[in-house]
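Engineer: To start, I am sharing the structure in question, which I have written as structure tokens.
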Amino acid sequence: MVESNDPYWLVLDGYEDEPAAFGVPPYVGFHIRYVCGVLEQHQINYEYITIDQWRQSLDKMDVLSESNLLGVICIAGAVVPGRYLRGTPISQRESTEFIRQLPHGIPALFGGWAVRGWKQQGWLPLRSNLFLAVQDTDATLNTFLETGKWKHTRRTADEWTKWAHHGAQSKAITQHPDLGTPEKKGPLTYEVEVYQGCVRYKQGCKFCIEPKKGVPIWRTPEDIIGEVKLALDSGVQHVRLGGMTDTYTYMAEGVKELEYPVPNPEPIAALLHGLREDERLNILHTDNGNPSIIAENIEPSEEITKTLVETLSDGAVLSFGLESADPSVHEANWLNCDPRQLKSAIQLINKYGKERGARGLPKLLPGLNFIAGLNGESRESYSMNMDLLTDLRSEGLLLRRINIRQVEGEGFQEIPHDTFHEFKAQVRETIDRPLLKELFPLGQRLSEVHWETHDGRTRLPIHQTSTHTDKSVHGNSGLTFGRQIGAYPILIGVPYHIPLDTSSDILVTGHGARSITGVEIGLDIQNASQKQFEAIPGIGKKTAWNLISTRAKLLRKQNDVSLEELFKAANAELTEAIKDVLCYSEPQ
Ligand code: SF4
């Protein structure tokens with residue numbers, strides 16, 4: 001793992017995953033970068049590895065027995081790791097095992113939201129010189145490096161900038177497996193922290209931790225643009241603006257005095273246009289939105305929405321936390337917005353964001369979050385949620401995704417399981433399914449789909465080998481899954497193998513429950529495989545075989561074959577969809 005014999009620190013990226021802090025690949029989170037930023041500032045030798053690389057290295061060698069290991073830092077950020085396509089966050093069990101394997105006595109620092117959660121549940125792994133950070137892991141590390149002592153520490157505003165900027169040039173980027181090479185860029189997406197906290201800090205939603213952070217602290221547009229420039233210098237191409245509980249209240253006015261602070265269109269425009277000035281930036285997406293702020297301040301919110309549509313890449317999603325449409329749940333939990341406010345915010349976003357952009361996706365759409373298990377909830381709450389969704393759809397309003405989350409345990413009430421499952425099934429069937437068909441209609445072109453796995457929805461170590469990445473696998477039988485870069489991308493399946501870690505454009509050919517199927521645009525008529533022919537709408541198994549054998553016969557007599565010639569000779573119908581997918585190229 002480490003080539004040189006110089007003493008070094010090991011930074012293990014256990015991936016964070018919060019609504020406002022993405023860090024599971026292809027994302028790289030900001031907290032792990034700040035930790036690397038501290039080591040950069042102190043000019044300390046270190047290595048960065050991801051938890052997935054760690055799992056793979058365990059099979060090969062005992063990485064921790066190395067005598068030149070000075071210390072270890074790990075960010076564990078996903079309290080309850082879900083199902084992921086590209087990387088799986090470190091679990092509590094793995095963290096404990098990792099700690100057990102550490103060479104005796106070396107300093108070890110663990111931080112991140114998962115560590116705080118596990119600690120509250122009683123996780124206290126025994127080991128000398130182990131510290132579980134509950135404030136800022138980066139600042140705590142800095143204190144240790146300066147004083148030799150462990151002490152919970154918070155970073156100052158100056159340190160925030162300094163470590164964010166150092167982190168943008170650190171090994172968390174340059175050694176990240178998803179960065180790729182200048183010739184073959186990877187899908188790495190840089191999550192940047194714009195601010196901390198929520199404007200509802202005085203009386204926020206009862207289930208949320210954000211209000212505990214106090215008055216929001218903003219970073220300036222210049223500071224963020226400066227950081228992103230450094231990241232672009234390190235080879236990054238894609239950025240998501242994270243750490244925003246609400247994109248619209250970035251540097252809002254009246255945060256301390258007003259229930260609904262007034263959005264300020266200028267700073268967010270300065271930030272977004274400033275970022276776009278650098279042509280190296282490709283995909284740019286953003287974080288959450290607060291519907292009540294938008295609804296109560298339509299004019300400035302309209303300005304901000306126009307800026308978002310102008311500067312963000314298409315496919316951008318603003319997640320709205322309604323949580324429940326039931327007024328009693330709203331009241332009991334001090335929720336953020338009511339159905340009236342939600343509807344007016346959705347109408348505004350749809351007005352400007354519905355139009356499709358260059359990659360084939362609506363430019364900006366709202367996402368909607370529900371939470372089950374909140375106090376005051378009853379069976380009726382679910383009918384109210386359903387009525388609201390039906391009403392939104394009857395007006396033709398579009399939502400990119402509906403997220404239904406269950407919360408259980410202390411502070412929450414029991415969920416009526418039958419009603420909850422009925423609600424979920426009804427949403428998936430009557431709302432999600434038609435929405436999927438409207439957002440990704442048959443025949444829609446989607447560009448730059450990045451291919452990630454074969455034959456299953458989890459990326460395996462073998463997927464990085466030439467058996468799966470070599471161009472010779474193109475057209476072989478099997479399945480390929482991929483996604484476009486950005487926030488909440490739709491999963492796209494193709495019924496044949498495409499070399500992984502490549503990108504192509506597709507045509508939508510079908511819909512699953514929460515995914516779509518497609519076929520690549522530009523398949524070469526001279527060498528398309530039977531599986532590729534079969535993936536094209538209007539060509540069944542029999543016709544595909546017929547086309548293959550007819551082409552073989554024609555090519556025995558001539559050098560190449562044209563589209564019209566082949567379909568005529570095979571007596572097969574050449575439709576517009578087929579012409580969209582297949583292309584003719586001169587034989588080499
Ligand atoms: S609006 Fe509510 S849920 Fe959203 S960040 Fe603020 S307190 Fe948390």
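In the structure tokens, chains take the letters A, B, ... in the order shown, each chain's residues start at 1, and ligands count up from 1 in the order shown.
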Would you please give, as a PyMOL selection string, all residues of range 446-545 of chain A that DSSP assigns to alpha helix (DSSP H) based on the backbone?
Structural biologist: chain A and resi 466-469+530-534+541-545
Engineer: Taking a cut-off of 8 Å and counting only C-alpha atoms and all ligand atoms, can you build a table that, for each residue of chain A near ligand 1, reports the nearest atom pair and how far apart they are in Å (one decimal), sorted by chain then residue number, as CSV?
Structural biologist:
```
residue,atom,partner,partner_atom_place_in_ligand_line,distance
A:Gly197,CA,ligand 1,5 (S),7.0
A:Cys198,CA,ligand 1,6 (Fe),4.7
A:Val199,CA,ligand 1,6 (Fe),6.5
A:Arg200,CA,ligand 1,6 (Fe),5.3
A:Tyr201,CA,ligand 1,7 (S),6.6
A:Gln203,CA,ligand 1,7 (S),7.5
A:Gly204,CA,ligand 1,7 (S),3.9
A:Cys205,CA,ligand 1,2 (Fe),4.2
A:Lys206,CA,ligand 1,7 (S),7.2
A:Phe207,CA,ligand 1,3 (S),7.3
A:Cys208,CA,ligand 1,8 (Fe),4.6
A:Ile209,CA,ligand 1,8 (Fe),6.5
A:Glu210,CA,ligand 1,8 (Fe),5.2
A:Pro211,CA,ligand 1,7 (S),5.5
A:Thr245,CA,ligand 1,5 (S),4.8
A:Asp246,CA,ligand 1,5 (S),7.4
A:Asn290,CA,ligand 1,1 (S),6.4
A:Gly321,CA,ligand 1,4 (Fe),6.5
A:Leu335,CA,ligand 1,2 (Fe),6.2
A:Asn336,CA,ligand 1,1 (S),5.1
```
Engineer: Fewer than 2 positions away in the same chain doesn't count, so skip those; otherwise give me all residues within 8 Å of range 275-284 of chain A, counting only C-alpha atoms, as a list of chain:residue names.
Structural biologist: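 After dropping sequence-adjacent residues, the list is A:Ile225, A:Val228, A:Lys229, A:Leu232, A:Val236, A:Gln237, A:His238, A:Val239, A:Arg240, A:Leu241, A:Leu271, A:Leu272, A:His273, A:Thr286, A:Thr311, A:Leu312, A:Ser313, A:Ile485, A:Gly486.
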Engineer: Kindly save the residues from that selection, with N, CA and C atoms included, as a PDB file, in the first residue's frame.
Structural biologist:
```pdb
ATOM      1  N   ILE A 225     -15.488  29.811  -4.159  1.00  0.00           N
ATOM      2  CA  ILE A 225     -14.974  29.787  -5.545  1.00  0.00           C
ATOM      3  C   ILE A 225     -13.473  29.483  -5.525  1.00  0.00           C
ATOM      4  N   VAL A 228     -12.995  25.784  -4.932  1.00  0.00           N
ATOM      5  CA  VAL A 228     -13.340  24.964  -6.108  1.00  0.00           C
ATOM      6  C   VAL A 228     -12.259  25.108  -7.187  1.00  0.00           C
ATOM      7  N   LYS A 229     -11.708  26.305  -7.329  1.00  0.00           N
ATOM      8  CA  LYS A 229     -10.629  26.494  -8.323  1.00  0.00           C
ATOM      9  C   LYS A 229      -9.450  25.565  -8.018  1.00  0.00           C
ATOM     10  N   LEU A 232     -10.361  22.141  -9.017  1.00  0.00           N
ATOM     11  CA  LEU A 232     -10.285  21.980 -10.476  1.00  0.00           C
ATOM     12  C   LEU A 232      -8.818  21.832 -10.901  1.00  0.00           C
ATOM     13  N   VAL A 236     -10.442  17.835 -10.540  1.00  0.00           N
ATOM     14  CA  VAL A 236     -11.890  17.657 -10.355  1.00  0.00           C
ATOM     15  C   VAL A 236     -12.642  18.303 -11.519  1.00  0.00           C
ATOM     16  N   GLN A 237     -13.782  17.731 -11.910  1.00  0.00           N
ATOM     17  CA  GLN A 237     -14.613  18.340 -12.959  1.00  0.00           C
ATOM     18  C   GLN A 237     -16.039  18.621 -12.512  1.00  0.00           C
ATOM     19  N   HIS A 238     -16.510  17.839 -11.504  1.00  0.00           N
ATOM     20  CA  HIS A 238     -17.921  17.927 -11.132  1.00  0.00           C
ATOM     21  C   HIS A 238     -18.048  18.355  -9.673  1.00  0.00           C
ATOM     22  N   VAL A 239     -19.038  19.224  -9.409  1.00  0.00           N
ATOM     23  CA  VAL A 239     -19.173  19.783  -8.067  1.00  0.00           C
ATOM     24  C   VAL A 239     -20.636  19.770  -7.642  1.00  0.00           C
ATOM     25  N   ARG A 240     -20.888  19.425  -6.375  1.00  0.00           N
ATOM     26  CA  ARG A 240     -22.218  19.659  -5.824  1.00  0.00           C
ATOM     27  C   ARG A 240     -22.072  20.619  -4.652  1.00  0.00           C
ATOM     28  N   LEU A 241     -22.930  21.645  -4.628  1.00  0.00           N
ATOM     29  CA  LEU A 241     -22.912  22.574  -3.502  1.00  0.00           C
ATOM     30  C   LEU A 241     -23.708  21.939  -2.375  1.00  0.00           C
ATOM     31  N   LEU A 271     -21.997  33.446  -6.366  1.00  0.00           N
ATOM     32  CA  LEU A 271     -21.367  32.137  -6.188  1.00  0.00           C
ATOM     33  C   LEU A 271     -21.523  31.291  -7.454  1.00  0.00           C
ATOM     34  N   LEU A 272     -22.743  31.174  -7.941  1.00  0.00           N
ATOM     35  CA  LEU A 272     -22.988  30.274  -9.077  1.00  0.00           C
ATOM     36  C   LEU A 272     -22.335  30.791 -10.364  1.00  0.00           C
ATOM     37  N   HIS A 273     -22.510  32.078 -10.656  1.00  0.00           N
ATOM     38  CA  HIS A 273     -21.886  32.621 -11.879  1.00  0.00           C
ATOM     39  C   HIS A 273     -20.365  32.606 -11.756  1.00  0.00           C
ATOM     40  N   THR A 286     -26.885  21.322  -6.850  1.00  0.00           N
ATOM     41  CA  THR A 286     -27.017  21.957  -5.544  1.00  0.00           C
ATOM     42  C   THR A 286     -27.758  21.066  -4.560  1.00  0.00           C
ATOM     43  N   THR A 311     -27.520  28.425 -14.305  1.00  0.00           N
ATOM     44  CA  THR A 311     -26.127  28.045 -14.023  1.00  0.00           C
ATOM     45  C   THR A 311     -25.919  26.555 -13.706  1.00  0.00           C
ATOM     46  N   LEU A 312     -26.953  25.902 -13.177  1.00  0.00           N
ATOM     47  CA  LEU A 312     -26.765  24.496 -12.804  1.00  0.00           C
ATOM     48  C   LEU A 312     -26.847  23.614 -14.043  1.00  0.00           C
ATOM     49  N   SER A 313     -26.299  22.417 -13.941  1.00  0.00           N
ATOM     50  CA  SER A 313     -26.433  21.441 -15.028  1.00  0.00           C
ATOM     51  C   SER A 313     -27.844  20.868 -14.954  1.00  0.00           C
ATOM     52  N   ILE A 485     -23.804  11.769 -14.222  1.00  0.00           N
ATOM     53  CA  ILE A 485     -23.166  12.400 -13.061  1.00  0.00           C
ATOM     54  C   ILE A 485     -24.149  13.386 -12.435  1.00  0.00           C
ATOM     55  N   GLY A 486     -24.122  13.486 -11.118  1.00  0.00           N
ATOM     56  CA  GLY A 486     -24.936  14.505 -10.456  1.00  0.00           C
ATOM     57  C   GLY A 486     -25.748  13.949  -9.309  1.00  0.00           C
TER      58      GLY A 486
END
```
Engineer: Considering only C-alpha atoms, can you say which of A:Val581, A:Lys531, A:Gly376, A:Ile525 comes closest to Leu563 in chain A?
Structural biologist: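 Among the listed residues, A:Ile525 lies closest to Leu563 in chain A.
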Engineer: Using only C-alpha atoms, which of the listed residues (A:Val35, A:Val407, A:Ile462, A:Leu397) sits closest to Pro434 in chain A?
Structural biologist: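 Looking only at the distances to Pro434 in chain A, the closest residue turns out to be A:Leu397.
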Engineer: For the structure I just gave you, how does DSSP split range 25-55 of chain A - specifically, which residues are strand (DSSP E)? Reply as a ChimeraX atom specification.
Structural biologist: /A:27-28,46-50
Engineer: Have a look at CA of Thr305 in chain A and CA of Arg219 in chain A and let me know their distance in Å, one decimal.
Structural biologist: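 Computing the Euclidean distance for CA of Thr305 in chain A and CA of Arg219 in chain A yields 20.6 Å.
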Engineer: List as a list in words the protein and nucleic acid residues near Ser477 in chain A, meaning an atom at most 10 Å away when only C-alpha atoms are counted, but skip any in the same chain fewer than 6 places from it.
Structural biologist: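 Counting only C-alpha atoms, the residues come to Asp455, Pro495, Tyr496, His497, Ile498, Ser529, Gln530, Lys531 and Gln532 of chain A.
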Engineer: Please produce an output containing C-alpha atoms for each residue in the selection, written as a compact mmCIF listing (two decimals), in the first residue's frame.
Structural biologist:
```txt
# COMPACT_ATOMS: atom_id res chain seq x y z
CA ASP A 455 -24.88 -8.02 -13.99
CA PRO A 495 -29.25 -5.53 -21.72
CA TYR A 496 -25.68 -6.23 -22.90
CA HIS A 497 -22.18 -5.52 -21.64
CA ILE A 498 -20.58 -2.11 -22.15
CA SER A 529 -23.89 -7.95 -31.66
CA GLN A 530 -27.12 -9.91 -31.51
CA LYS A 531 -27.71 -8.66 -27.94
CA GLN A 532 -27.24 -5.07 -29.10
```
